[in-house]
file run-v7.txt (compact mmCIF, C-alpha atoms)
# COMPACT_ATOMS: atom_id res chain seq x y z
CA MET T 1 366.20 63.31 95.39
CA THR T 2 368.45 66.18 96.58
CA GLU T 3 371.54 66.70 94.47
CA ALA T 4 374.86 66.44 96.31
CA PRO T 5 376.53 69.84 96.67
CA ALA T 6 379.58 71.00 94.75
CA LEU T 7 381.28 73.96 96.39
CA ARG T 8 381.96 77.14 94.37
CA PRO T 9 385.11 79.21 95.00
CA ALA T 10 385.28 82.78 96.24
CA ALA T 11 384.79 85.33 93.47
CA GLY T 12 387.71 86.04 91.17
CA ARG T 13 388.66 88.08 88.13
CA GLY T 14 391.34 88.00 85.49
CA PRO T 15 393.33 84.77 85.88
CA GLY T 16 391.26 84.06 89.01
CA LEU T 17 388.22 83.34 86.82
CA GLU T 18 389.85 80.00 86.06
CA ARG T 19 388.96 78.94 89.59
CA CYS T 20 385.33 80.05 89.27
CA HIS T 21 384.89 77.97 86.13
CA GLY T 22 386.80 74.86 87.07
CA SER T 23 387.48 74.50 90.81
CA ARG T 24 384.93 72.38 92.66
CA LEU T 25 384.86 70.35 95.86
CA SER T 26 382.32 67.53 95.83
CA VAL T 27 381.54 64.01 97.06
CA GLU T 28 382.08 61.12 94.66
CA ASP T 29 382.19 57.39 95.34
CA GLY T 30 382.92 57.64 99.03
CA ALA T 31 385.56 60.36 98.79
CA LEU T 32 385.89 64.12 98.89
CA VAL T 33 387.08 65.13 95.44
CA LEU T 34 388.82 68.42 94.70
CA ARG T 35 389.20 69.56 91.11
CA ALA T 36 391.33 72.65 90.66
CA ARG T 37 393.39 73.92 87.70
CA GLY T 38 393.48 70.64 85.84
CA ARG T 39 394.37 68.44 88.80
CA THR T 40 392.21 66.12 90.87
CA ARG T 41 392.76 65.20 94.51
CA ARG T 42 390.74 62.53 96.34
CA VAL T 43 390.45 62.25 100.11
CA PRO T 44 388.77 58.97 101.15
CA VAL T 45 385.97 58.99 103.70
CA GLY T 46 385.59 56.27 106.33
CA ASP T 47 388.17 53.68 107.34
CA GLY T 48 391.66 54.98 106.62
CA GLY T 49 390.30 58.43 105.73
CA VAL T 50 388.05 61.17 107.06
CA ALA T 51 385.98 60.01 110.03
CA ARG T 52 384.87 63.35 111.48
CA ALA T 53 385.04 67.08 110.87
CA VAL T 54 385.62 69.92 113.31
CA PHE T 55 384.57 73.47 112.47
CA VAL T 56 386.99 75.98 113.99
CA ASP T 57 385.29 79.37 113.87
CA ALA T 58 387.84 82.18 113.66
CA ALA T 59 385.39 84.61 115.28
CA MET T 60 385.19 82.64 118.53
CA ASP T 61 388.53 83.77 119.87
CA ALA T 62 389.51 86.58 117.52
CA ALA T 63 390.30 88.92 120.41
CA VAL T 64 392.60 86.37 122.02
CA ASP T 65 394.44 85.85 118.75
CA ALA T 66 394.96 89.54 117.97
CA GLY T 67 398.52 89.97 116.77
CA ARG T 68 399.28 86.25 116.85
CA ASP T 69 400.31 84.20 113.86
CA GLU T 70 400.96 80.63 114.81
CA PRO T 71 401.18 77.46 112.68
CA GLY T 72 397.81 75.95 111.90
CA ARG T 73 395.85 79.12 112.68
CA PRO T 74 392.62 79.30 110.66
CA GLY T 75 392.08 82.12 108.24
CA ALA T 76 389.83 85.04 108.96
CA TRP T 77 386.75 83.02 107.98
CA GLY T 78 387.71 79.90 109.91
CA GLU T 79 388.26 76.38 108.64
CA VAL T 80 386.93 72.85 108.88
CA ARG T 81 389.50 70.30 109.98
CA LEU T 82 388.97 66.78 108.67
CA GLN T 83 390.27 64.09 111.02
CA ASP T 84 390.63 60.33 111.01
CA ARG T 85 389.36 58.05 113.77
CA ASP T 86 392.47 58.71 115.87
CA GLY T 87 392.08 62.49 115.68
CA ALA T 88 394.94 63.06 113.26
CA GLN T 89 394.27 65.77 110.71
CA VAL T 90 393.78 64.42 107.19
CA ALA T 91 392.78 67.60 105.40
CA ARG T 92 391.36 71.06 106.01
CA ILE T 93 388.76 73.17 104.21
CA PRO T 94 389.43 76.95 104.31
CA LEU T 95 385.88 78.32 104.40
CA GLY T 96 386.66 81.80 103.08
CA GLU T 97 387.98 80.31 99.85
CA TRP T 98 384.64 78.57 99.23
CA LEU T 99 382.35 81.53 100.00
CA PRO T 100 381.51 83.17 96.63
CA GLU T 101 380.78 86.61 98.07
CA ALA T 102 383.75 86.67 100.48
CA PRO T 103 385.74 89.37 98.56
CA ALA T 104 382.77 91.76 98.85
CA LEU T 105 382.18 91.31 102.60
CA PRO T 106 384.06 92.37 105.72
CA GLU T 107 385.95 89.54 107.34
CA ARG T 108 383.76 87.42 109.63
CA ALA T 109 380.59 89.08 108.32
CA VAL T 110 379.12 85.56 108.20
CA GLN T 111 379.83 83.16 111.03
CA GLY T 112 378.92 79.86 112.56
CA GLU T 113 376.25 77.67 111.04
CA GLN T 114 375.31 80.36 108.51
CA LEU T 115 378.83 80.20 107.09
CA LEU T 116 378.69 76.40 106.85
CA GLU T 117 375.36 76.61 105.02
CA ARG T 118 376.37 79.37 102.62
CA THR T 119 379.56 77.70 101.52
CA GLY T 120 377.85 74.34 101.19
CA VAL T 121 380.28 72.61 103.54
CA ALA T 122 377.46 71.49 105.87
CA GLY T 123 375.63 69.82 102.99
CA LEU T 124 378.85 68.39 101.59
CA LEU T 125 379.79 66.67 104.84
CA LYS T 126 376.23 65.43 105.35
CA ALA T 127 376.26 63.90 101.86
CA ALA T 128 379.61 62.26 102.66
CA GLY T 129 378.31 60.87 105.95
CA VAL T 130 380.91 62.75 108.00
CA PRO T 131 379.73 64.01 111.41
CA LEU T 132 380.44 67.69 112.00
CA HIS T 133 381.41 69.14 115.38
CA ILE T 134 382.06 72.72 116.45
CA ALA T 135 385.16 73.52 118.47
CA ARG T 136 384.66 76.28 121.02
CA ASP T 137 388.38 76.40 121.60
CA ARG T 138 390.61 75.87 118.59
CA THR T 139 393.48 74.82 120.87
CA GLY T 140 391.32 72.23 122.64
CA PRO T 141 391.63 68.47 122.20
CA ARG T 142 388.65 68.20 119.84
CA ALA T 143 390.08 70.77 117.42
CA GLY T 144 393.43 69.01 117.28
CA SER T 145 396.71 70.69 116.53
CA GLY T 146 395.64 72.13 113.19
CA LYS T 147 398.83 70.82 111.63
CA GLY T 148 399.21 68.39 108.77
CA GLY T 149 396.88 67.25 106.05
CA VAL T 150 396.24 68.68 102.64
CA SER T 151 394.41 71.93 102.00
CA LEU T 152 391.18 71.43 100.04
CA GLY T 153 391.15 74.95 98.64
CA PRO T 154 390.38 76.02 95.06
CA GLY T 155 394.02 76.82 94.33
CA PRO T 156 395.84 80.09 93.63
CA ALA T 157 394.42 82.78 91.38
CA PHE T 158 397.61 83.00 89.33
CA PRO T 159 398.88 80.01 87.32
CA LEU T 160 401.95 78.11 88.45
CA TRP T 161 404.03 79.05 85.38
CA TYR T 162 403.67 82.74 86.23
CA TRP T 163 404.96 82.24 89.77
CA CYS T 164 407.85 80.11 88.49
CA VAL T 165 408.94 82.77 85.99
CA ARG T 166 408.66 85.58 88.52
CA GLY T 167 410.36 83.55 91.24
CA VAL T 168 413.36 82.43 89.16
CA ALA T 169 413.82 85.81 87.50
CA GLY T 170 413.46 87.64 90.83
CA THR T 171 416.04 85.44 92.54
CA LEU T 172 418.57 85.90 89.75
CA TRP T 173 417.94 89.65 89.60
CA PHE T 174 418.37 90.12 93.34
CA SER T 175 421.60 88.10 93.31
CA ALA T 176 422.98 90.15 90.41
CA PHE T 177 421.79 93.39 92.02
CA THR T 178 423.59 92.56 95.27
CA VAL T 179 426.87 91.88 93.48
CA VAL T 180 426.58 95.05 91.37
CA VAL T 181 425.85 97.29 94.37
CA PHE T 182 428.72 96.01 96.48
CA SER T 183 431.37 95.66 93.76
CA ASP T 184 433.73 98.33 92.50
CA THR T 185 433.96 96.79 89.05
CA VAL T 186 431.04 95.17 87.32
CA PRO T 187 431.50 92.63 84.51
CA ALA T 188 429.43 93.26 81.40
CA TRP T 189 427.77 89.83 81.51
CA LEU T 190 426.41 90.58 84.99
CA VAL T 191 424.85 93.84 83.81
CA LEU T 192 423.31 91.94 80.93
CA LEU T 193 421.90 89.32 83.33
CA LEU T 194 420.55 92.08 85.53
CA ALA T 195 418.75 93.74 82.63
CA LEU T 196 417.27 90.58 81.15
CA THR T 197 415.94 89.26 84.46
CA ALA T 198 414.42 92.68 85.22
CA LEU T 199 412.67 92.54 81.85
CA CYS T 200 411.11 89.18 82.71
CA GLY T 201 408.67 90.82 85.12
CA PRO T 202 406.85 93.11 82.64
CA VAL T 203 407.00 90.46 79.91
CA ALA T 204 405.51 87.82 82.23
CA ARG T 205 402.71 90.19 83.19
CA LEU T 206 401.83 90.85 79.54
CA ALA T 207 402.01 87.12 78.84
CA LEU T 208 399.62 86.56 81.74
CA ARG T 209 397.19 89.06 80.22
CA ALA T 210 397.33 87.24 76.89
CA TRP T 211 397.00 83.83 78.60
CA THR T 212 393.97 85.05 80.53
CA ARG T 213 392.27 86.38 77.41
CA LEU T 214 393.03 83.18 75.49
CA ARG T 215 391.68 80.95 78.24
CA ALA T 216 388.54 83.09 78.55
CA GLY T 217 387.86 82.64 74.83
CA ARG T 218 388.07 78.86 75.16
CA ARG T 219 385.62 78.50 78.06
CA ARG T 220 382.25 77.07 77.22
CA VAL T 221 379.28 77.66 79.50
CA THR T 222 375.60 77.23 78.80
CA VAL T 223 374.01 80.65 79.31
CA LEU T 224 370.23 80.58 79.51
CA GLU T 225 369.76 84.32 79.99
CA ARG T 226 371.80 87.50 80.37
CA VAL T 227 370.31 90.38 82.33
CA ALA T 228 372.09 93.70 82.01
CA PRO T 229 371.32 96.61 84.35
CA SER T 230 368.75 99.13 83.18
CA PRO T 231 369.38 102.13 85.45
CA ALA T 232 366.98 105.00 85.99
CA ALA T 233 368.05 108.53 85.16
CA GLY T 234 370.17 110.18 87.84
CA THR T 235 371.76 107.03 89.22
CA GLY T 236 375.22 107.99 87.96
CA ALA T 237 375.59 104.91 85.78
CA THR T 238 378.60 105.02 83.47
CA ALA T 239 379.38 103.45 80.14
CA ARG T 240 381.72 101.00 81.89
CA PHE T 241 378.98 99.94 84.30
CA LEU T 242 376.51 99.30 81.48
CA ARG T 243 379.10 97.45 79.42
CA ASP T 244 380.54 95.10 82.04
CA THR T 245 377.96 94.51 84.78
CA GLU T 246 375.51 91.67 84.27
CA LEU T 247 373.60 88.74 85.73
CA ARG T 248 374.00 85.42 83.93
CA VAL T 249 371.63 82.53 84.40
CA GLN T 250 373.63 79.44 83.47
CA ASP T 251 372.58 75.82 83.47
CA ARG T 252 374.09 75.17 86.91
CA ASP T 253 374.92 78.60 88.28
CA LEU T 254 373.63 82.11 88.75
CA VAL T 255 376.53 84.49 88.12
CA LEU T 256 376.88 88.16 89.04
CA ARG T 257 379.62 90.04 87.20
CA ASP T 258 380.76 93.49 88.30
CA LEU T 259 382.52 96.20 86.31
CA GLY T 260 385.90 95.01 87.54
CA GLY T 261 385.33 91.68 85.80
CA GLN T 262 384.91 89.85 89.10
CA GLU T 263 382.37 87.05 89.00
CA TYR T 264 380.35 85.64 91.90
CA TRP T 265 379.06 82.13 91.18
CA PHE T 266 376.04 80.77 93.08
CA ALA T 267 374.88 77.19 92.70
CA ARG T 268 371.37 76.63 91.37
CA SER T 269 371.10 73.12 92.81
CA GLY T 270 372.06 71.34 95.99
CA PRO T 271 371.30 72.21 99.62
CA HIS T 272 373.38 75.41 99.45
CA ALA T 273 371.77 76.70 96.24
CA VAL T 274 370.07 80.06 95.94
CA LYS T 275 366.34 79.57 96.53
CA ARG T 276 364.35 82.77 96.14
CA LEU T 277 364.10 86.24 94.62
CA VAL T 278 362.42 88.77 96.88
CA LYS T 279 361.16 92.10 95.56
CA VAL T 280 361.46 94.69 98.33
CA LEU T 281 358.91 97.53 98.50
CA ASP T 282 358.96 100.70 100.57
CA GLY T 283 356.07 101.89 102.72
CA ALA T 284 354.35 103.40 99.67
CA GLY T 285 354.57 100.17 97.71
CA LEU T 286 357.37 101.31 95.38
CA PRO T 287 360.20 98.86 94.68
CA VAL T 288 363.55 99.70 96.27
CA GLY T 289 365.43 96.55 95.34
CA ALA T 290 365.55 92.80 95.07
CA GLU T 291 367.19 90.18 97.24
CA LEU T 292 368.75 86.89 96.21
CA ARG T 293 368.23 84.46 99.07
CA GLY T 294 369.80 81.13 99.87
CA PRO T 295 369.42 78.47 102.58
CA GLY T 296 367.63 79.64 105.70
CA GLU T 297 366.47 82.79 103.88
CA GLN T 298 370.00 84.23 104.08
CA VAL T 299 370.45 87.21 101.76
CA ARG T 300 373.29 86.37 99.35
CA ALA T 301 373.11 89.46 97.13
CA VAL T 302 370.97 92.55 96.60
CA PHE T 303 370.07 94.49 93.46
CA PRO T 304 369.10 98.14 94.01
CA TRP T 305 366.00 98.67 91.87
CA ASP T 306 366.90 102.07 90.39
CA LEU T 307 370.27 100.73 89.32
CA TRP T 308 369.14 97.41 87.85
CA PHE T 309 365.48 97.67 86.88
CA GLY T 310 364.53 101.37 87.06
CA GLY T 311 365.09 102.18 83.38
CA ALA T 312 363.04 101.59 80.25
CA ASP T 313 364.18 97.96 79.93
CA GLY T 314 363.97 97.24 83.67
CA ALA T 315 360.60 95.49 83.75
CA GLY T 316 361.67 93.16 80.95
CA GLY T 317 364.96 92.38 82.68
CA TRP T 318 363.20 91.50 85.93
CA SER T 319 360.75 89.24 84.11
CA ARG T 320 363.55 87.46 82.23
CA LEU T 321 365.53 86.97 85.44
CA CYS T 322 362.54 85.50 87.27
CA GLY T 323 361.63 83.23 84.38
CA ALA T 324 365.09 81.95 83.48
CA SER T 325 366.35 81.42 87.04
CA GLY T 326 363.40 79.23 88.04
CA LEU T 327 363.58 80.69 91.56
CA ALA T 328 360.56 81.26 93.75
CA VAL T 329 359.55 84.94 93.60
CA SER T 330 357.88 86.87 96.40
CA GLU T 331 357.49 90.41 97.74
CA ARG T 332 358.00 92.01 101.11
CA ARG T 333 357.33 95.56 102.30
CA LEU T 334 359.58 97.58 104.57
CA SER T 335 357.93 98.90 107.71
CA GLY T 336 358.53 102.22 109.38
CA ARG T 337 361.90 103.83 108.75
CA ARG T 338 363.83 100.65 108.21
CA THR T 339 366.82 100.98 105.92
CA TRP T 340 367.57 98.58 103.13
CA PRO T 341 369.67 96.56 102.85
CA LYS T 342 370.47 95.70 106.43
CA GLY T 343 374.12 94.99 107.13
CA PRO T 344 376.97 94.29 104.68
CA VAL T 345 375.91 92.33 101.63
CA LEU T 346 377.08 91.75 98.08
CA GLY T 347 375.59 94.16 95.54
CA THR T 348 375.70 97.51 97.31
CA GLY T 349 379.04 98.65 95.87
CA LEU T 350 378.73 97.63 92.22
CA LEU T 351 378.78 101.26 91.02
CA PRO T 352 381.91 103.01 92.35
CA ARG T 353 381.54 106.54 93.63
CA THR T 354 384.17 108.05 91.35
CA GLY T 355 385.82 107.31 88.03
CA ARG T 356 389.12 106.87 89.83
CA ASP T 357 387.60 104.13 91.99
CA ALA T 358 386.15 102.47 88.88
CA ARG T 359 389.53 102.44 87.13
CA ARG T 360 391.19 101.00 90.19
CA MET T 361 388.51 98.31 90.41
CA ALA T 362 388.79 97.45 86.70
CA ARG T 363 392.59 97.35 86.57
CA PHE T 364 394.16 94.01 85.71
CA PRO T 365 394.64 92.17 89.02
CA GLY T 366 398.04 92.12 90.62
CA THR T 367 399.68 89.87 93.19
CA ALA T 368 399.37 90.27 96.94
CA ALA T 369 402.33 92.68 96.79
CA GLY T 370 400.15 95.10 94.83
CA VAL T 371 401.77 98.43 94.01
CA SER T 372 405.03 97.31 95.62
CA SER T 373 405.51 94.68 92.90
CA THR T 374 405.06 97.28 90.16
CA ALA T 375 407.42 99.67 91.91
CA VAL T 376 410.12 96.99 92.20
CA MET T 377 409.77 96.12 88.50
CA ALA T 378 410.02 99.79 87.50
CA PHE T 379 413.08 100.24 89.70
CA GLY T 380 414.70 97.13 88.23
CA ASN T 381 414.30 98.35 84.67
CA LEU T 382 415.48 101.86 85.52
CA PHE T 383 418.50 100.37 87.30
CA SER T 384 419.27 98.39 84.14
CA VAL T 385 419.43 101.61 82.12
CA VAL T 386 421.78 103.19 84.68
CA GLN T 387 424.12 100.20 84.73
CA GLY T 388 424.09 99.99 80.95
CA VAL T 389 425.27 103.58 80.73
CA ARG T 390 427.88 102.82 83.40
CA VAL T 391 429.61 100.11 81.32
CA ALA T 392 429.06 101.74 77.93
CA ASP T 393 432.75 102.65 77.50
CA THR T 394 434.16 99.21 78.33
CA ALA T 395 431.41 96.99 76.84
CA PRO T 396 429.33 98.92 74.30
CA GLY T 397 427.43 95.84 73.03
CA PRO T 398 426.12 94.52 76.37
CA ALA T 399 425.55 98.12 77.49
CA ALA T 400 423.29 98.81 74.52
CA VAL T 401 421.30 95.64 75.20
CA ALA T 402 420.95 96.53 78.89
CA VAL T 403 419.75 100.06 78.12
CA ALA T 404 417.31 98.79 75.50
CA ALA T 405 415.97 96.05 77.83
CA GLY T 406 415.52 98.54 80.66
CA ALA T 407 413.75 101.06 78.43
CA LEU T 408 411.53 98.33 76.96
CA GLY T 409 410.58 97.15 80.43
CA LEU T 410 409.53 100.67 81.42
CA VAL T 411 407.48 101.04 78.24
CA LEU T 412 405.75 97.68 78.76
CA GLN T 413 404.61 98.87 82.17
CA ALA T 414 403.71 102.46 81.27
CA VAL T 415 401.73 101.87 78.07
CA PRO T 416 399.04 99.49 79.46
CA TYR T 417 398.58 101.78 82.45
CA ALA T 418 398.29 104.90 80.28
CA VAL T 419 395.81 103.24 77.91
CA HIS T 420 393.69 102.03 80.82
CA GLU T 421 393.61 105.47 82.43
CA LEU T 422 392.97 107.46 79.25
CA ARG T 423 390.24 105.14 78.00
CA GLY T 424 388.54 105.29 81.38
CA ARG T 425 388.74 109.07 81.70
CA LEU T 426 387.69 109.83 78.13
CA VAL T 427 385.12 107.10 77.45
CA LEU T 428 384.21 104.42 79.98
CA ASP T 429 383.91 106.35 83.24
CA ARG T 430 381.81 109.18 81.89
CA PRO T 431 378.07 109.31 82.65
CA ALA T 432 376.08 107.26 80.17
CA ALA T 433 373.57 109.21 78.11
CA GLU T 434 369.98 108.51 79.09
CA ARG T 435 369.20 107.23 75.63
CA THR T 436 372.17 104.85 75.62
CA THR T 437 370.97 101.28 75.66
CA ASN T 438 372.82 98.43 77.30
CA GLU T 439 373.49 96.88 73.91
CA GLU T 440 375.08 100.10 72.64
CA ALA T 441 377.28 100.34 75.73
CA ARG T 442 378.45 96.74 75.34
CA ARG T 443 379.48 97.36 71.74
call {"tool": "encode", "arguments": {"input": "run-v7.txt", "output": "structure tokens"}}
result
Amino acid sequence: MTEAPALRPAAGRGPGLERCHGSRLSVEDGALVLRARGRTRRVPVGDGGVARAVFVDAAMDAAVDAGRDEPGRPGAWGEVRLQDRDGAQVARIPLGEWLPEAPALPERAVQGEQLLERTGVAGLLKAAGVPLHIARDRTGPRAGSGKGGVSLGPGPAFPLWYWCVRGVAGTLWFSAFTVVVFSDTVPAWLVLLLALTALCGPVARLALRAWTRLRAGRRRVTVLERVAPSPAAGTGATARFLRDTELRVQDRDLVLRDLGGQEYWFARSGPHAVKRLVKVLDGAGLPVGAELRGPGEQVRAVFPWDLWFGGADGAGGWSRLCGASGLAVSERRLSGRRTWPKGPVLGTGLLPRTGRDARRMARFPGTAAGVSSTAVMAFGNLFSVVQGVRVADTAPGPAAVAVAAGALGLVLQAVPYAVHELRGRLVLDRPAAERTTNEEARR
């Protein structure tokens, strides 16, 4: 009997690992059930619920939609719209959020039926008894309006409390900043409010780091085997690469972890599970890599042989991976001058070209604002120091607190960054000695 599929989220790192461990979309007792960040949402199937599904492929009319951003528009990977018998939208499944390797691929690198198979949505809807249609025109009558219904996504990478703290503090800071900039006289209490709300940003980020580490220590997964890379000499492997990169064979998943801490979870059961390991040989019969294949022989990930299995422990690692995963193992030989791998695929960029790229990849994840968020926080704390000095004569107490809060905020941002950069430059992003074992690097 084939096991019903449970969808795995797109790869994440830092606080986003919470989704990889806990967010699943499955079929239970005649309903689509979403579990994400401690909450459960059920969408009934059949009468009064989902009667049909329509796959709206974003690639079909990408050129038409260039520069447009209208309500209900699917994401770059497309979406499946779940409708009732009258055609009203009940829910929607954003496909890119349920494709484990999506962060490592160009947008729309996988399309159509292949995308439905890889994510597991095709098997999920089949198990639920929901007929699936493909809309050639997302504005057509079959696709519906695209409005309404709940989103059956794995949830945000950052926890709700973090967004609440940043949102409230940011609103108060901006309000105080506006008054301070456009007023001739500034009350001391307003300067104090400005400084304390500016400090909330760096403090919340450090709290998020601690929260992430604490949650990671509490997770319990059954690991059957860990396979660390055993690179051949001359591959450019670094201590960071040997320490952080690994393949984990778990009871229900096969997990690839890169040196940035990002984890790609692939199901080991269900119609969308990974099926096969293929050892790829060149024309002379020498191994060049291995492929992890899923439904329809789609290549889900590749493992360059010199980087993973070319060293002294490589043969043992390959044997352990084959044995613990329980996957079918085969070989294929490249013909002529064919390059490998063909096309974009997860696994080709696991070893960054430079130490700078590695440090950027391994940095604690930020919000969508990226560097802009850090710049705004730094400006806010620096502005607190300036305003504290400004009111020092009339309100020495609040001024001292404002200056101290501003300086502390700058320190809380600068120190983690400096430690990350120095440790990477001096230790982690240097070439690993040939005699260095994976165990030594991990310690």
call {"tool": "closest_residue", "arguments": {"input": "run-v7.txt", "among": "T:Ala216, T:Ala195, T:Val302, T:Ala312", "to": "T:Gly388", "atoms": "all atoms listed in the file"}}
result
T:Ala195
call {"tool": "residues_around", "arguments": {"input": "run-v7.txt", "residues": "T:Gln387", "least_positions_apart": "4", "cutoff": "8 Å", "atoms": "only C-alpha atoms", "output": "list of chain:residue names"}}
result
T:Val191, T:Phe383, T:Val391, T:Ala399, T:Ala402, T:Val403
call {"tool": "write_last_selection", "arguments": {"input": "run-v7.txt", "atoms": "C-alpha atoms", "output": "PDB file, in the coordinates of the input"}}
result
ATOM      1  CA  VAL T 191     424.850  93.840  83.810  1.00  0.00           C
ATOM      2  CA  PHE T 383     418.500 100.370  87.300  1.00  0.00           C
ATOM      3  CA  VAL T 391     429.610 100.110  81.320  1.00  0.00           C
ATOM      4  CA  ALA T 399     425.550  98.120  77.490  1.00  0.00           C
ATOM      5  CA  ALA T 402     420.950  96.530  78.890  1.00  0.00           C
ATOM      6  CA  VAL T 403     419.750 100.060  78.120  1.00  0.00           C
TER       7      VAL T 403
END
call {"tool": "closest_atom_pairs", "arguments": {"input": "run-v7.txt", "of": "stretch 194-306 of chain T", "to": "stretch 91-112 of chain T", "cutoff": "10 Å", "atoms": "all atoms listed in the file", "output": "Markdown table"}}
result
| residue | atom | partner | partner_atom | distance |
| --- | --- | --- | --- | --- |
| T:Val255 | CA | T:Pro100 | CA | 9.9 |
| T:Leu256 | CA | T:Glu101 | CA | 10.0 |
| T:Gln262 | CA | T:Pro103 | CA | 9.5 |
| T:Glu263 | CA | T:Pro100 | CA | 8.6 |
| T:Tyr264 | CA | T:Pro100 | CA | 5.5 |
| T:Trp265 | CA | T:Pro100 | CA | 6.1 |
| T:Phe266 | CA | T:Pro100 | CA | 6.9 |
| T:Ala267 | CA | T:Pro100 | CA | 9.8 |
| T:Arg300 | CA | T:Glu101 | CA | 7.6 |
| T:Ala301 | CA | T:Glu101 | CA | 8.2 |
call {"tool": "write_last_selection", "arguments": {"input": "run-v7.txt", "atoms": "C-alpha atoms", "output": "mmCIF file, keeping the file's coordinate frame"}}
result
data_model
loop_
_atom_site.group_PDB
_atom_site.id
_atom_site.type_symbol
_atom_site.label_atom_id
_atom_site.label_comp_id
_atom_site.auth_asym_id
_atom_site.auth_seq_id
_atom_site.Cartn_x
_atom_site.Cartn_y
_atom_site.Cartn_z
ATOM 1 C CA VAL T 255 376.530 84.490 88.120
ATOM 2 C CA LEU T 256 376.880 88.160 89.040
ATOM 3 C CA GLN T 262 384.910 89.850 89.100
ATOM 4 C CA GLU T 263 382.370 87.050 89.000
ATOM 5 C CA TYR T 264 380.350 85.640 91.900
ATOM 6 C CA TRP T 265 379.060 82.130 91.180
ATOM 7 C CA PHE T 266 376.040 80.770 93.080
ATOM 8 C CA ALA T 267 374.880 77.190 92.700
ATOM 9 C CA ARG T 300 373.290 86.370 99.350
ATOM 10 C CA ALA T 301 373.110 89.460 97.130
#
call {"tool": "residues_around", "arguments": {"input": "run-v7.txt", "residues": "T:Asp47", "least_positions_apart": "3", "cutoff": "9 Å", "atoms": "all atoms listed in the file", "output": "list in words"}}
result
Pro44, Val50, Ala51, Asp84 and Arg85 of chain T
call {"tool": "closest_residue", "arguments": {"input": "run-v7.txt", "among": "T:Ser319, T:Thr367, T:Ser145, T:Ser330", "to": "T:Arg166", "atoms": "all atoms listed in the file"}}
result
T:Thr367
call {"tool": "closest_residue", "arguments": {"input": "run-v7.txt", "among": "T:Gly236, T:Gly170, T:Gly270, T:Gly296", "to": "T:Arg8", "atoms": "only C-alpha atoms"}}
result
T:Gly270
call {"tool": "closest_residue", "arguments": {"input": "run-v7.txt", "among": "T:Leu412, T:Leu192, T:Val54, T:Leu307", "to": "T:Ile134", "atoms": "only C-alpha atoms"}}
result
T:Val54
call {"tool": "closest_residue", "arguments": {"input": "run-v7.txt", "among": "T:Arg338, T:Arg220, T:Arg240, T:Arg81", "to": "T:Leu350", "atoms": "only C-alpha atoms"}}
result
T:Arg240
call {"tool": "residues_around", "arguments": {"input": "run-v7.txt", "residues": "T:Val27", "least_positions_apart": "5", "cutoff": "10 Å", "atoms": "all atoms listed in the file", "output": "PyMOL selection string"}}
result
chain T and resi 4-7+32-34+42-45+124-129
call {"tool": "closest_residue", "arguments": {"input": "run-v7.txt", "among": "T:Pro396, T:Gly380, T:Gly285, T:Pro159", "to": "T:Phe177", "atoms": "only C-alpha atoms"}}
result
T:Gly380
call {"tool": "residues_near_point", "arguments": {"input": "run-v7.txt", "point": "(378.3, 96.2, 84.1)", "cutoff": "10 Å", "atoms": "all atoms listed in the file", "output": "ChimeraX atom specification"}}
result
/T:228-229,237-247,256-261,308,350-351,438,441-442
call {"tool": "atom_distance", "arguments": {"input": "run-v7.txt", "atom1": "atom CA of T:Cys20", "atom2": "atom CA of T:Arg226"}}
result
17.8 Å
call {"tool": "atom_distance", "arguments": {"input": "run-v7.txt", "atom1": "atom CA of T:Glu18", "atom2": "atom CA of T:Gly347"}}
result
22.2 Å
call {"tool": "decode", "arguments": {"input": "run-v7.txt", "residues": "stretch 8-16 of chain T", "atoms": "N, CA and C atoms", "output": "CSV table (one decimal), in the first residue's frame"}}
result
chain,number,residue,atom,x,y,z
T,8,ARG,N,7.0,18.6,2.0
T,8,ARG,CA,8.1,19.2,2.8
T,8,ARG,C,8.3,20.6,2.3
T,9,PRO,N,8.6,21.6,3.2
T,9,PRO,CA,8.7,22.9,2.8
T,9,PRO,C,10.0,23.2,2.0
T,10,ALA,N,10.1,24.4,1.4
T,10,ALA,CA,11.3,24.8,0.8
T,10,ALA,C,12.4,24.9,1.8
T,11,ALA,N,13.7,24.7,1.4
T,11,ALA,CA,14.8,24.7,2.4
T,11,ALA,C,14.9,26.0,3.2
T,12,GLY,N,15.3,25.9,4.4
T,12,GLY,CA,15.5,27.0,5.3
T,12,GLY,C,16.7,26.9,6.1
T,13,ARG,N,17.0,28.0,6.8
T,13,ARG,CA,18.2,27.9,7.7
T,13,ARG,C,17.8,28.9,8.9
T,14,GLY,N,18.6,28.8,9.9
T,14,GLY,CA,18.3,29.7,11.1
T,14,GLY,C,16.9,29.4,11.6
T,15,PRO,N,16.2,30.5,11.9
T,15,PRO,CA,14.8,30.3,12.3
T,15,PRO,C,13.9,29.5,11.3
T,16,GLY,N,14.3,29.6,10.0
T,16,GLY,CA,13.6,28.9,9.0
T,16,GLY,C,13.6,27.4,9.1
